[in-house]
$ cat query.cif   # mmCIF, C-alpha atoms
data_data
#
loop_
_atom_site.label_atom_id
_atom_site.label_comp_id
_atom_site.auth_asym_id
_atom_site.auth_seq_id
_atom_site.Cartn_x
_atom_site.Cartn_y
_atom_site.Cartn_z
CA MET A 303 -139.51 111.32 110.53
CA GLU A 304 -139.82 113.34 107.36
CA LEU A 305 -139.22 111.73 103.98
CA PRO A 306 -137.37 113.45 101.13
CA ALA A 307 -139.69 115.75 99.14
CA ARG A 308 -140.61 114.78 95.60
CA THR A 309 -141.63 117.19 92.88
CA PHE A 310 -143.75 116.26 89.86
CA ARG A 311 -144.20 118.50 86.83
CA ILE A 312 -147.57 118.28 85.11
CA THR A 313 -148.13 119.56 81.58
CA ARG A 314 -151.12 119.39 79.25
CA ALA A 315 -149.42 116.54 77.39
CA ASP A 316 -149.34 114.54 80.64
CA LEU A 317 -153.09 115.05 81.08
CA VAL A 318 -153.79 113.83 77.54
CA ARG A 319 -151.63 110.76 78.11
CA TYR A 320 -153.30 110.05 81.44
CA ALA A 321 -156.77 110.48 79.93
CA GLY A 322 -155.97 107.83 77.34
CA ALA A 323 -154.37 105.43 79.80
CA SER A 324 -157.11 105.76 82.43
CA GLY A 325 -160.14 106.11 80.17
CA ASP A 326 -161.21 109.35 81.89
CA PHE A 327 -162.02 111.69 79.01
CA ASN A 328 -163.88 114.37 80.99
CA PRO A 329 -163.27 117.52 78.88
CA ILE A 330 -162.44 119.66 81.96
CA HIS A 331 -159.07 117.88 81.78
CA TRP A 332 -158.30 118.97 78.21
CA SER A 333 -160.63 121.77 77.08
CA ASP A 334 -160.30 125.32 78.47
CA ARG A 335 -163.62 126.12 76.83
CA VAL A 336 -165.46 123.45 78.83
CA ALA A 337 -163.45 124.00 82.02
CA THR A 338 -164.19 127.74 82.15
CA LYS A 339 -167.84 127.14 81.28
CA VAL A 340 -168.25 125.10 84.49
CA GLY A 341 -166.55 127.81 86.56
CA LEU A 342 -162.97 126.52 86.71
CA PRO A 343 -160.03 128.87 86.05
CA GLY A 344 -158.95 126.57 83.22
CA VAL A 345 -158.06 122.95 82.49
CA ILE A 346 -157.37 121.02 85.70
CA ALA A 347 -155.51 117.77 86.27
CA HIS A 348 -157.53 114.63 86.94
CA GLY A 349 -157.69 114.20 90.73
CA MET A 350 -156.77 110.59 90.11
CA PHE A 351 -153.67 111.70 88.19
CA THR A 352 -152.51 113.70 91.22
CA MET A 353 -153.33 110.69 93.41
CA ALA A 354 -151.33 108.44 91.06
CA LEU A 355 -148.27 110.73 91.19
CA VAL A 356 -148.46 110.85 94.98
CA GLY A 357 -148.80 107.05 94.89
CA ARG A 358 -145.57 106.94 92.90
CA ALA A 359 -143.84 108.93 95.62
CA VAL A 360 -145.20 106.48 98.20
CA THR A 361 -144.01 103.36 96.35
CA GLU A 362 -140.64 104.98 95.72
CA TRP A 363 -140.26 105.85 99.40
CA ALA A 364 -141.26 102.28 100.24
CA GLY A 365 -138.71 101.01 97.76
CA SER A 366 -141.10 98.58 96.10
CA PRO A 367 -143.92 98.99 93.56
CA ASP A 368 -146.09 96.37 95.30
CA ALA A 369 -145.74 97.72 98.85
CA VAL A 370 -149.00 99.69 99.15
CA VAL A 371 -151.56 98.06 101.44
CA ASP A 372 -153.86 101.03 101.97
CA TYR A 373 -153.95 104.43 100.29
CA GLY A 374 -156.58 107.16 100.63
CA VAL A 375 -156.91 110.87 99.92
CA ARG A 376 -159.41 113.72 99.96
CA PHE A 377 -159.35 116.08 96.99
CA THR A 378 -159.46 119.62 98.33
CA ARG A 379 -158.35 121.93 95.53
CA PRO A 380 -158.02 121.58 91.77
CA VAL A 381 -154.56 121.52 90.15
CA VAL A 382 -154.77 124.04 87.32
CA VAL A 383 -152.48 123.17 84.40
CA PRO A 384 -151.71 126.07 82.04
CA ASP A 385 -151.34 125.49 78.31
CA ASP A 386 -147.59 126.13 78.09
CA ASP A 387 -144.38 124.12 78.14
CA GLU A 388 -143.84 124.52 81.90
CA GLY A 389 -147.28 123.41 83.07
CA THR A 390 -147.34 123.30 86.85
CA GLU A 391 -145.70 121.44 89.68
CA ILE A 392 -146.87 119.54 92.72
CA GLU A 393 -144.66 118.93 95.71
CA VAL A 394 -145.14 115.80 97.80
CA THR A 395 -143.80 115.26 101.30
CA ALA A 396 -144.59 112.73 104.00
CA VAL A 397 -143.91 111.87 107.58
CA VAL A 398 -143.85 108.42 109.12
CA ARG A 399 -146.74 108.40 111.57
CA GLU A 400 -146.39 104.86 112.87
CA VAL A 401 -144.52 101.62 112.39
CA THR A 402 -146.66 98.70 113.47
CA GLU A 403 -145.46 95.52 115.13
CA ASP A 404 -146.31 93.49 112.05
CA GLY A 405 -144.02 95.57 109.86
CA LEU A 406 -146.41 98.07 108.33
CA THR A 407 -145.45 101.73 107.98
CA ARG A 408 -148.13 104.39 108.07
CA LEU A 409 -147.41 107.66 106.27
CA ASP A 410 -149.13 111.04 106.44
CA VAL A 411 -148.67 112.62 103.03
CA THR A 412 -148.90 116.26 101.98
CA ALA A 413 -149.29 117.38 98.37
CA THR A 414 -149.16 121.07 97.45
CA CYS A 415 -149.35 123.14 94.26
CA HIS A 416 -148.09 126.75 94.49
CA GLY A 417 -147.89 126.24 98.25
CA GLU A 418 -151.54 125.29 98.67
CA LYS A 419 -152.70 121.84 99.69
CA VAL A 420 -154.40 119.94 96.88
CA LEU A 421 -155.07 116.85 99.01
CA SER A 422 -156.01 116.44 102.64
CA GLN A 423 -156.17 113.38 104.86
CA ALA A 424 -153.72 111.71 102.47
CA ARG A 425 -152.57 108.54 104.17
CA ALA A 426 -150.77 105.46 103.00
CA THR A 427 -149.85 102.19 104.65
CA VAL A 428 -146.96 100.28 103.12
CA ARG A 429 -145.62 96.82 103.73
CA ALA A 430 -142.05 97.96 104.12
CA SER A 431 -139.75 99.94 106.27
CA VAL A 432 -139.11 103.40 104.95
CA ASP A 433 -135.92 105.31 105.53
CA ARG A 434 -134.77 108.82 104.79
CA SER A 435 -132.70 107.89 101.77
CA ALA A 436 -135.54 105.92 100.19
CA GLY A 437 -137.33 107.01 97.11
CA ARG A 438 -134.48 108.54 95.19
CA PRO A 439 -134.90 107.53 91.57
CA MET B 1445 -182.49 117.63 94.87
CA SER B 1446 -181.19 115.62 97.79
CA LEU B 1447 -180.03 112.01 97.67
CA ASP B 1448 -182.28 109.36 99.17
CA PRO B 1449 -180.52 107.84 102.22
CA SER B 1450 -182.85 104.84 102.23
CA TYR B 1451 -180.63 103.28 99.54
CA VAL B 1452 -177.65 102.90 101.89
CA GLY B 1453 -176.68 99.23 101.81
CA ARG B 1454 -177.97 98.59 98.29
CA THR B 1455 -175.60 96.28 96.41
CA TYR B 1456 -175.44 96.08 92.64
CA PRO B 1457 -174.89 93.04 90.41
CA PRO B 1458 -171.31 92.00 89.61
CA THR B 1459 -169.76 93.58 86.53
CA ALA B 1460 -168.58 91.55 83.54
CA PRO B 1461 -165.01 90.31 84.10
CA TYR B 1462 -162.25 92.82 83.28
CA GLN B 1463 -159.15 91.25 81.75
CA VAL B 1464 -156.07 93.06 83.08
CA GLY B 1465 -153.66 93.34 80.15
CA ARG B 1466 -149.89 93.60 80.38
CA GLU B 1467 -149.82 96.42 77.84
CA LYS B 1468 -152.55 98.31 79.71
CA ILE B 1469 -150.49 98.21 82.89
CA ARG B 1470 -147.42 99.38 80.97
CA GLU B 1471 -149.42 102.17 79.34
CA PHE B 1472 -150.85 103.31 82.70
CA ALA B 1473 -147.45 103.14 84.41
CA THR B 1474 -145.89 105.15 81.58
CA ALA B 1475 -148.63 107.77 81.79
CA ILE B 1476 -147.86 108.40 85.47
CA GLY B 1477 -144.10 108.18 84.98
CA ALA B 1478 -143.74 104.97 87.02
CA THR B 1479 -140.54 103.44 85.72
CA ASP B 1480 -140.05 100.59 88.19
CA PRO B 1481 -139.25 97.49 86.11
CA ALA B 1482 -141.94 95.46 87.92
CA HIS B 1483 -144.59 97.56 86.10
CA HIS B 1484 -143.05 96.81 82.71
CA ASP B 1485 -141.00 93.62 82.73
CA PRO B 1486 -142.63 90.29 83.70
CA ASP B 1487 -139.27 88.89 84.81
CA ALA B 1488 -138.76 91.80 87.22
CA ALA B 1489 -142.27 91.22 88.58
CA ARG B 1490 -141.56 87.49 89.04
CA THR B 1491 -138.48 88.38 91.06
CA LEU B 1492 -140.88 90.03 93.52
CA GLY B 1493 -143.06 86.92 93.54
CA HIS B 1494 -145.79 88.04 91.13
CA PRO B 1495 -146.93 86.05 88.08
CA ASP B 1496 -146.76 89.06 85.73
CA VAL B 1497 -146.31 92.85 85.70
CA VAL B 1498 -147.73 94.72 88.71
CA ALA B 1499 -150.24 97.57 88.36
CA PRO B 1500 -149.63 100.87 90.19
CA PRO B 1501 -151.86 101.36 93.27
CA THR B 1502 -154.47 103.62 91.64
CA PHE B 1503 -154.86 101.51 88.47
CA PRO B 1504 -158.13 99.84 89.62
CA PHE B 1505 -159.95 103.18 89.56
CA ALA B 1506 -160.66 102.64 85.86
CA LEU B 1507 -162.63 99.52 86.78
CA THR B 1508 -164.45 101.00 89.74
CA MET B 1509 -165.37 104.19 87.88
CA ALA B 1510 -167.15 102.03 85.33
CA ALA B 1511 -168.68 99.83 88.04
CA THR B 1512 -170.07 102.72 90.07
CA GLN B 1513 -171.83 104.08 86.98
CA GLN B 1514 -174.51 101.58 87.97
CA ILE B 1515 -175.10 103.62 91.11
CA VAL B 1516 -174.67 107.05 89.57
CA GLU B 1517 -177.15 106.15 86.83
CA ASP B 1518 -179.65 104.48 89.18
CA PRO B 1519 -182.65 106.83 88.89
CA ALA B 1520 -183.82 105.83 92.38
CA VAL B 1521 -180.68 107.28 94.00
CA GLY B 1522 -181.08 110.59 92.20
CA VAL B 1523 -177.52 111.66 91.31
CA ASP B 1524 -177.21 114.56 88.85
CA TYR B 1525 -173.89 113.57 87.32
CA SER B 1526 -173.27 117.02 85.83
CA ARG B 1527 -172.96 118.31 89.43
CA VAL B 1528 -170.64 115.57 90.71
CA VAL B 1529 -167.13 116.23 91.96
CA HIS B 1530 -164.75 113.64 93.35
CA GLY B 1531 -164.41 114.01 97.12
CA ASP B 1532 -162.44 111.12 98.58
CA GLN B 1533 -160.77 108.04 97.20
CA ARG B 1534 -159.29 105.02 98.98
CA PHE B 1535 -157.84 101.63 98.07
CA ALA B 1536 -157.34 98.79 100.57
CA TYR B 1537 -155.32 95.95 99.10
CA THR B 1538 -155.33 92.23 99.78
CA ARG B 1539 -152.74 91.87 97.02
CA PRO B 1540 -151.61 93.98 94.04
CA VAL B 1541 -153.38 93.77 90.68
CA VAL B 1542 -151.25 91.92 88.12
CA ALA B 1543 -151.51 91.31 84.39
CA GLY B 1544 -153.62 88.25 83.66
CA ASP B 1545 -156.10 88.95 86.45
CA GLU B 1546 -159.74 88.63 85.50
CA LEU B 1547 -161.53 90.96 87.88
CA VAL B 1548 -165.14 91.40 88.87
CA CYS B 1549 -166.51 94.44 90.72
CA VAL B 1550 -169.38 94.39 93.19
CA SER B 1551 -170.44 97.88 94.27
CA THR B 1552 -172.43 98.87 97.34
CA ILE B 1553 -173.79 102.20 98.51
CA GLU B 1554 -172.00 102.56 101.82
CA ASP B 1555 -173.24 105.99 102.85
CA ILE B 1556 -175.51 108.81 101.74
CA THR B 1557 -175.71 112.12 103.55
CA ASN B 1558 -177.06 115.54 102.68
CA ARG B 1559 -175.41 118.54 104.25
CA GLY B 1560 -175.31 122.24 103.44
CA GLY B 1561 -177.31 121.71 100.28
CA HIS B 1562 -174.84 119.15 98.93
CA GLY B 1563 -175.24 115.40 98.64
CA PHE B 1564 -172.46 112.99 99.64
CA LEU B 1565 -172.46 109.48 98.21
CA THR B 1566 -169.89 106.93 99.35
CA THR B 1567 -169.54 103.80 97.27
CA ARG B 1568 -167.51 100.70 98.11
CA THR B 1569 -166.46 98.38 95.32
CA GLU B 1570 -165.06 94.96 96.17
CA ILE B 1571 -162.77 93.77 93.39
CA SER B 1572 -162.10 90.06 93.27
CA THR B 1573 -160.98 87.51 90.70
CA VAL B 1574 -163.55 85.49 88.79
CA ALA B 1575 -162.58 82.62 91.11
CA GLY B 1576 -163.65 84.74 94.10
CA GLU B 1577 -160.23 85.68 95.48
CA PRO B 1578 -160.42 89.17 97.02
CA VAL B 1579 -157.90 91.63 95.54
CA VAL B 1580 -158.74 95.20 96.55
CA ALA B 1581 -161.58 97.19 98.10
CA VAL B 1582 -162.12 100.65 96.67
CA TRP B 1583 -164.07 103.54 98.22
CA SER B 1584 -165.13 106.68 96.37
CA LYS B 1585 -166.94 109.60 97.89
CA LEU B 1586 -168.80 111.70 95.34
CA VAL B 1587 -170.04 115.15 96.16
CA VAL B 1588 -173.19 116.23 94.33
CA ARG B 1589 -173.08 120.01 94.51
CA GLY B 1590 -176.37 121.69 95.33
CA GLU B 1591 -177.95 124.34 93.15
CA ALA B 1592 -176.31 127.67 93.92
#

$ encode --input "query.cif" --output "structure tokens"
Amino acid sequence: MELPARTFRITRADLVRYAGASGDFNPIHWSDRVATKVGLPGVIAHGMFTMALVGRAVTEWAGSPDAVVDYGVRFTRPVVVPDDDEGTEIEVTAVVREVTEDGLTRLDVTATCHGEKVLSQARATVRASVDRSAGRP
Amino acid sequence: MSLDPSYVGRTYPPTAPYQVGREKIREFATAIGATDPAHHDPDAARTLGHPDVVAPPTFPFALTMAATQQIVEDPAVGVDYSRVVHGDQRFAYTRPVVAGDELVCVSTIEDITNRGGHGFLTTRTEISTVAGEPVVAVWSKLVVRGEA
């Protein structure tokens, strides 16, 4: 079963706000000068910011902010965030892989930016049933 | 320089207790656009059976990132932090983190491998309350890129 896709827009302002809230001030997430010096195309989003947005999709699909039992990802590709008002977008989809007898739902999650996967092996287990209509804000 | 696999299993001393603040949870939730009232309003969190506002699932990374600095900065292990990229990340919850928690991190080197000129370091951090109640286990895999 496929869950309704979620789209998250990411701008430079979001990265600054996340840096402050998370305490991750690595300059590759706010300085083009530093990012290009280490071989990146430009400022990239914190991997953990992408993981947090995908986590939001998961909790919204589950219908409860405390439903996540297990959540893991592999970071495969940086999310480049241009310095303009539009920023970039990631799209998050998921399929229900398994519903266990003790009421856990296992999801396989896909996150893409410009059609390319930015995470792989993204899996979440939630303590809830998940239905197609879930997760609409 | 490759990482020394003989340090697999090494466990580091517990970190000083981290006091989870209500405003910090609200700030983090706002930064990721998480608007569910249970992240912001203690009454909404109590309705779900929690003593105070609930942290989003990836919130504990701020604690574990600080805790695993012990490993990254351990000269014996040999990590060149300027070459580190984040490979994998996982959280396994016993219960959600809530405001008012006082949390201690104990980090262990779970795996070290060297492959294709790169080093792979997997850390596991057990987060529990100061009273010893387990809350969440957190794994990070760091990739130390080899010299080109």

$ interface_residues --input "query.cif" --of "chain A" --to "chain B" --cutoff "7 Å" --atoms "all atoms listed in the file" --output "list in words"
Asp316, Arg319, Tyr320, Ala323, Ser324, Gly325, Ala354, Leu355, Gly357, Arg358, Pro367, Asp368, Val370, Val371, Asp372, Tyr373, Gly374, Val375, Arg376 and Phe377 of chain A

$ atom_distance --input "query.cif" --atom1 "CA of Ile1553 in chain B" --atom2 "CA of Gly1576 in chain B"
20.7 Å

$ residues_around --input "query.cif" --residues "Asn328 in chain A" --least-positions-apart "6" --cutoff "12 Å" --atoms "all atoms listed in the file" --output "list of chain:residue names"
A:Leu317, A:Val318, A:Tyr320, A:Ala321, A:Gly322, A:Asp334, A:Val336, A:Ala337, A:Val345, A:Ile346, A:Ala347, A:His348, A:Gly349, B:Tyr1525, B:Ser1526, B:Val1528, B:Val1529

$ write_last_selection --input "query.cif" --atoms "C-alpha atoms" --output "PDB file, in the coordinates of the input"
ATOM      1  CA  LEU A 317    -153.090 115.050  81.080  1.00  0.00           C
ATOM      2  CA  VAL A 318    -153.790 113.830  77.540  1.00  0.00           C
ATOM      3  CA  TYR A 320    -153.300 110.050  81.440  1.00  0.00           C
ATOM      4  CA  ALA A 321    -156.770 110.480  79.930  1.00  0.00           C
ATOM      5  CA  GLY A 322    -155.970 107.830  77.340  1.00  0.00           C
ATOM      6  CA  ASP A 334    -160.300 125.320  78.470  1.00  0.00           C
ATOM      7  CA  VAL A 336    -165.460 123.450  78.830  1.00  0.00           C
ATOM      8  CA  ALA A 337    -163.450 124.000  82.020  1.00  0.00           C
ATOM      9  CA  VAL A 345    -158.060 122.950  82.490  1.00  0.00           C
ATOM     10  CA  ILE A 346    -157.370 121.020  85.700  1.00  0.00           C
ATOM     11  CA  ALA A 347    -155.510 117.770  86.270  1.00  0.00           C
ATOM     12  CA  HIS A 348    -157.530 114.630  86.940  1.00  0.00           C
ATOM     13  CA  GLY A 349    -157.690 114.200  90.730  1.00  0.00           C
TER      14      GLY A 349
ATOM     15  CA  TYR B1525    -173.890 113.570  87.320  1.00  0.00           C
ATOM     16  CA  SER B1526    -173.270 117.020  85.830  1.00  0.00           C
ATOM     17  CA  VAL B1528    -170.640 115.570  90.710  1.00  0.00           C
ATOM     18  CA  VAL B1529    -167.130 116.230  91.960  1.00  0.00           C
TER      19      VAL B1529
END

$ atom_distance --input "query.cif" --atom1 "CA of Ala1488 in chain B" --atom2 "CA of Ser366 in chain A"
11.4 Å

$ atom_distance --input "query.cif" --atom1 "CA of Thr1455 in chain B" --atom2 "CA of Ser1572 in chain B"
15.2 Å

$ closest_residue --input "query.cif" --among "B:Gly1453, B:Val1548, B:Val1588, B:Asp1555" --to "Ile1571 in chain B" --atoms "all atoms listed in the file"
B:Val1548

$ resolve_selection --input "query.cif" --expression "the PyMOL selection byres ((chain A and resi 395-410) around 7)" --output "compact mmCIF listing (two decimals) with C-alpha atoms, in the coordinates of the input"
# COMPACT_ATOMS: atom_id res chain seq x y z
CA MET A 303 -139.51 111.32 110.53
CA GLU A 304 -139.82 113.34 107.36
CA LEU A 305 -139.22 111.73 103.98
CA PRO A 306 -137.37 113.45 101.13
CA ALA A 307 -139.69 115.75 99.14
CA ARG A 308 -140.61 114.78 95.60
CA GLU A 393 -144.66 118.93 95.71
CA VAL A 394 -145.14 115.80 97.80
CA VAL A 411 -148.67 112.62 103.03
CA THR A 412 -148.90 116.26 101.98
CA ALA A 413 -149.29 117.38 98.37
CA ALA A 424 -153.72 111.71 102.47
CA ARG A 425 -152.57 108.54 104.17
CA ALA A 426 -150.77 105.46 103.00
CA THR A 427 -149.85 102.19 104.65
CA VAL A 428 -146.96 100.28 103.12
CA ARG A 429 -145.62 96.82 103.73
CA ALA A 430 -142.05 97.96 104.12
CA SER A 431 -139.75 99.94 106.27

$ residues_around --input "query.cif" --residues "Arg314 in chain A" --least-positions-apart "3" --cutoff "8 Å" --atoms "all atoms listed in the file" --output "VMD selection string"
chain A and resid 317 to 318 332 383 to 386 389
